[in-house]
Amino acid sequence: QVTGHLDDCTCDVETIDAFNNYKLFPRLNELLESDYFRYYKVNLKKPCPFWDDNSHCGMRDCAVQPCPSDEVPDGIRSGSYKYSEEANNRAEECEEAKRLGAVDDSLSTEARRALLRWAQHDDSADSFCEADDIYSPDAEYVDLLLNPERYTGYKGPDAWKIWNSIYEENCFKPQNVKRPLASGRGDDGGHTFYKWLKGVCVEKRAFYRLISGLHASINIHLSARYLLQDTWSEKKWGPNATEFQQRFDEVLTRGEGPRRLKNLYFLYLIELRALSKVLPFFERPGFQLYTGNESQDAEMKHLVLEILHLAKSFPLHFDENSFFAGNKKEAAKLKEEFRLHFKNISKIMDCVGCFKCRLWGKLQTQGLGTALKILFSENLIEKIPESGPSYGFQLTRQEIVALFNAFGRVSTSVKELENFRNLLQNMR
């Protein structure tokens, strides 16, 4: 049912599908497999700043590779009941977390050396995101290809709490307006909520739709890379149509699913627009994707420019000039609120109980934050000199890696939707 025109845009779903699936997605995939884009530095040990987080395997004890078995005392590991019942349950939970959610942190010495060199190119002046302190001893490089985003078994009250705090406290929504499908609250089919959403200014509506689009995108990844088979001989991941339908089917979600998917397309347009705007920054002869492998670096810079030119050629771009366009004083105040709300969401990612989900949550919020930073820095980007340093507008390596990988995730979601459409048609 997700077809046609998108609200607040001049674009439609079909144009995005054709452009993404046949032109952009294949090139973007190739780029994200390169050394420059596959290593992301992240601090997965930051404590949750908003509530005492001891959910799912007591995260602070479990560190990056949750619960290495040699660190779990023998008594617990052997399942002995000399310890409390709780300790035994905890050990089993940790084993499960380790099996499903462990972050693979193997890096070759060569890769470590290259990463140290990259770090010297990094500057930290983040505006929309709470940047990780990448110089903290707790920050580590992660190979994103070894840690794909997929279903990890992290769900239920802990996962719900994260999204709930994002929507309820950070989407400009008054407490008395309940979200559609909010459990046990006498839901009116979202009537009050959508009436409220229609009445707010375009910026606040866009903010909600970006978060909803990000949520939809993550749910598509989890449905598309679901653990279908788990035996001692093999693990098999693949699309789970039932899981997908529970989250997006129009009837099962009482009309909410198609709206979520339209918000995914809205997110796609916003991030695509940012890529088209940032071209001058990457076009400078002095800009390099530095890994130490000269020929590969040149090839990847060429591919980045090809992708950005392609993004620019998209016929129906989102027009961000409607954002913050009113009274200057009011606009500045709203923009600052927008920035602080988004920054708060990036902090909430440190409360995610599963490390793999935390890794991808942090990366995708930093990527979207970087896209917003680009859209709101248009004047600075236009003034970038063709040669020499760009003082007014700067992107760190972290932001560049997050920007392209986050867009890669949204682009993958749009591609996966086509796969699910075909799958569901064949099931009928």
# chains A, B, ... in the order shown; residues from 1 in each chain; ligands from 1
>>> residues_around(residues="Leu44 of chain A", least_positions_apart="3", cutoff="9 Å", atoms="only C-alpha atoms", output="NGL selection string")
:A and (47 or 63-64 or 138-140 or 350 or 355 or 358-359)
>>> write_last_selection(atoms="all heavy atoms", output="CSV table (one decimal), in the first residue's frame")
chain,number,residue,atom,x,y,z
A,47,PRO,N,28.3,4.8,30.3
A,47,PRO,CA,27.1,4.5,31.1
A,47,PRO,C,25.9,5.3,30.5
A,47,PRO,O,26.0,6.4,29.9
A,47,PRO,CB,27.5,5.0,32.5
A,47,PRO,CG,28.6,5.9,32.3
A,47,PRO,CD,29.3,5.6,31.0
A,63,ALA,N,31.3,-5.5,29.1
A,63,ALA,CA,32.2,-4.9,28.2
A,63,ALA,C,32.0,-5.2,26.8
A,63,ALA,O,30.9,-5.6,26.4
A,63,ALA,CB,33.7,-5.2,28.6
A,64,VAL,N,33.0,-5.1,25.9
A,64,VAL,CA,32.7,-5.1,24.5
A,64,VAL,C,32.3,-6.5,24.0
A,64,VAL,O,31.3,-6.7,23.3
A,64,VAL,CB,33.9,-4.6,23.6
A,64,VAL,CG1,33.6,-4.8,22.1
A,64,VAL,CG2,34.0,-3.1,23.9
A,138,ASP,N,38.4,3.8,26.3
A,138,ASP,CA,37.3,2.9,26.1
A,138,ASP,C,36.8,2.8,24.7
A,138,ASP,O,36.0,1.9,24.3
A,138,ASP,CB,36.1,3.2,27.0
A,138,ASP,CG,36.3,2.8,28.5
A,138,ASP,OD1,37.1,1.9,28.7
A,138,ASP,OD2,35.7,3.5,29.3
A,139,ALA,N,37.2,3.8,23.9
A,139,ALA,CA,36.8,3.8,22.5
A,139,ALA,C,37.6,2.8,21.6
A,139,ALA,O,38.8,2.8,21.7
A,139,ALA,CB,36.9,5.2,21.9
A,140,GLU,N,36.9,2.0,20.9
A,140,GLU,CA,37.6,1.0,20.1
A,140,GLU,C,37.1,1.0,18.6
A,140,GLU,O,36.0,1.3,18.4
A,140,GLU,CB,37.4,-0.4,20.7
A,140,GLU,CG,38.0,-0.6,22.1
A,140,GLU,CD,37.7,-1.9,22.6
A,140,GLU,OE1,36.5,-2.2,23.1
A,140,GLU,OE2,38.6,-2.8,22.7
A,350,ASP,N,23.4,5.4,24.4
A,350,ASP,CA,24.2,4.7,25.4
A,350,ASP,C,23.4,3.9,26.4
A,350,ASP,O,24.0,3.3,27.3
A,350,ASP,CB,25.1,5.8,26.1
A,350,ASP,CG,26.2,6.3,25.2
A,350,ASP,OD1,26.8,5.5,24.5
A,350,ASP,OD2,26.4,7.5,25.1
A,355,PHE,N,24.9,-4.7,22.7
A,355,PHE,CA,26.1,-4.0,22.1
A,355,PHE,C,26.0,-3.8,20.6
A,355,PHE,O,26.3,-2.7,20.1
A,355,PHE,CB,27.4,-4.7,22.4
A,355,PHE,CG,27.8,-4.5,23.8
A,355,PHE,CD1,27.9,-5.5,24.7
A,355,PHE,CD2,28.0,-3.2,24.3
A,355,PHE,CE1,28.3,-5.3,26.0
A,355,PHE,CE2,28.3,-3.0,25.6
A,355,PHE,CZ,28.5,-4.0,26.5
A,358,ARG,N,23.5,-1.2,20.0
A,358,ARG,CA,24.1,0.1,20.5
A,358,ARG,C,25.0,0.6,19.4
A,358,ARG,O,25.0,1.8,19.1
A,358,ARG,CB,24.8,-0.1,21.8
A,358,ARG,CG,25.3,1.2,22.4
A,358,ARG,CD,26.0,1.1,23.7
A,358,ARG,NE,25.2,0.5,24.8
A,358,ARG,CZ,25.6,0.6,26.1
A,358,ARG,NH1,26.7,1.1,26.4
A,358,ARG,NH2,24.8,0.1,27.0
A,359,LEU,N,25.9,-0.2,18.9
A,359,LEU,CA,26.8,0.2,17.8
A,359,LEU,C,26.1,0.8,16.7
A,359,LEU,O,26.4,1.9,16.2
A,359,LEU,CB,27.6,-1.1,17.4
A,359,LEU,CG,28.4,-1.0,16.1
A,359,LEU,CD1,29.5,0.0,16.2
A,359,LEU,CD2,28.9,-2.4,15.7
>>> closest_residue(among="A:Ser223, A:Asn29, A:Ser295, A:Asn344", to="Trp237 of chain A", atoms="only C-alpha atoms")
A:Ser223
>>> residues_around(residues="segment 243-246 of chain A", least_positions_apart="3", cutoff="7 Å", atoms="only C-alpha atoms", output="list of chain:residue names")
A:Ile220, A:Ser223, A:Asn240, A:Asp249, A:Leu252
>>> residues_around(residues="Glu271 of chain A", least_positions_apart="5", cutoff="9 Å", atoms="only C-alpha atoms", output="short mmCIF file (atom, residue, chain, number, x, y, z; two decimals) with N, CA and C atoms, in the first residue's frame")
data_model
loop_
_atom_site.label_atom_id
_atom_site.label_comp_id
_atom_site.auth_asym_id
_atom_site.auth_seq_id
_atom_site.Cartn_x
_atom_site.Cartn_y
_atom_site.Cartn_z
N PHE A 266 10.85 9.49 3.70
CA PHE A 266 11.13 10.88 4.06
C PHE A 266 12.58 11.00 4.58
N SER A 276 23.82 15.47 -1.55
CA SER A 276 23.94 16.32 -2.74
C SER A 276 24.53 17.69 -2.39
N GLY A 367 25.09 9.52 11.88
CA GLY A 367 24.98 9.76 10.43
C GLY A 367 23.87 10.75 10.12
N LEU A 368 22.71 10.58 10.78
CA LEU A 368 21.60 11.52 10.55
C LEU A 368 21.95 12.89 11.11
N ALA A 371 24.03 14.57 8.62
CA ALA A 371 23.20 15.04 7.49
C ALA A 371 22.52 16.36 7.84
N LEU A 372 22.00 16.46 9.07
CA LEU A 372 21.34 17.71 9.50
C LEU A 372 22.35 18.84 9.58
N LEU A 403 28.04 9.17 8.17
CA LEU A 403 27.13 9.72 7.16
C LEU A 403 26.85 8.69 6.06
N ALA A 406 25.22 5.38 7.50
CA ALA A 406 23.82 5.58 7.89
C ALA A 406 22.94 5.63 6.64
N PHE A 407 23.41 6.35 5.62
CA PHE A 407 22.63 6.40 4.38
C PHE A 407 22.60 5.01 3.73
N VAL A 410 19.75 3.15 5.25
CA VAL A 410 18.42 3.58 4.76
C VAL A 410 18.22 3.08 3.33
#
>>> closest_residue(among="A:Ser233, A:Ser346, A:Asn219, A:Thr109", to="Thr152 of chain A", atoms="only C-alpha atoms")
A:Asn219
>>> residues_around(residues="Leu210 of chain A", least_positions_apart="2", cutoff="8 Å", atoms="only C-alpha atoms", output="PyMOL selection string")
chain A and resi 206-208+212-214+263-264+266-267
>>> closest_residue(among="A:Pro26, A:His309, A:Glu416, A:Asn422", to="Arg225 of chain A", atoms="only C-alpha atoms")
A:Glu416
>>> closest_residue(among="A:Lys204, A:Arg247, A:Lys46, A:Lys262", to="Val13 of chain A", atoms="only C-alpha atoms")
A:Lys262
>>> closest_residue(among="A:Glu30, A:Glu399, A:Glu320, A:Glu330", to="Val202 of chain A", atoms="only C-alpha atoms")
A:Glu320
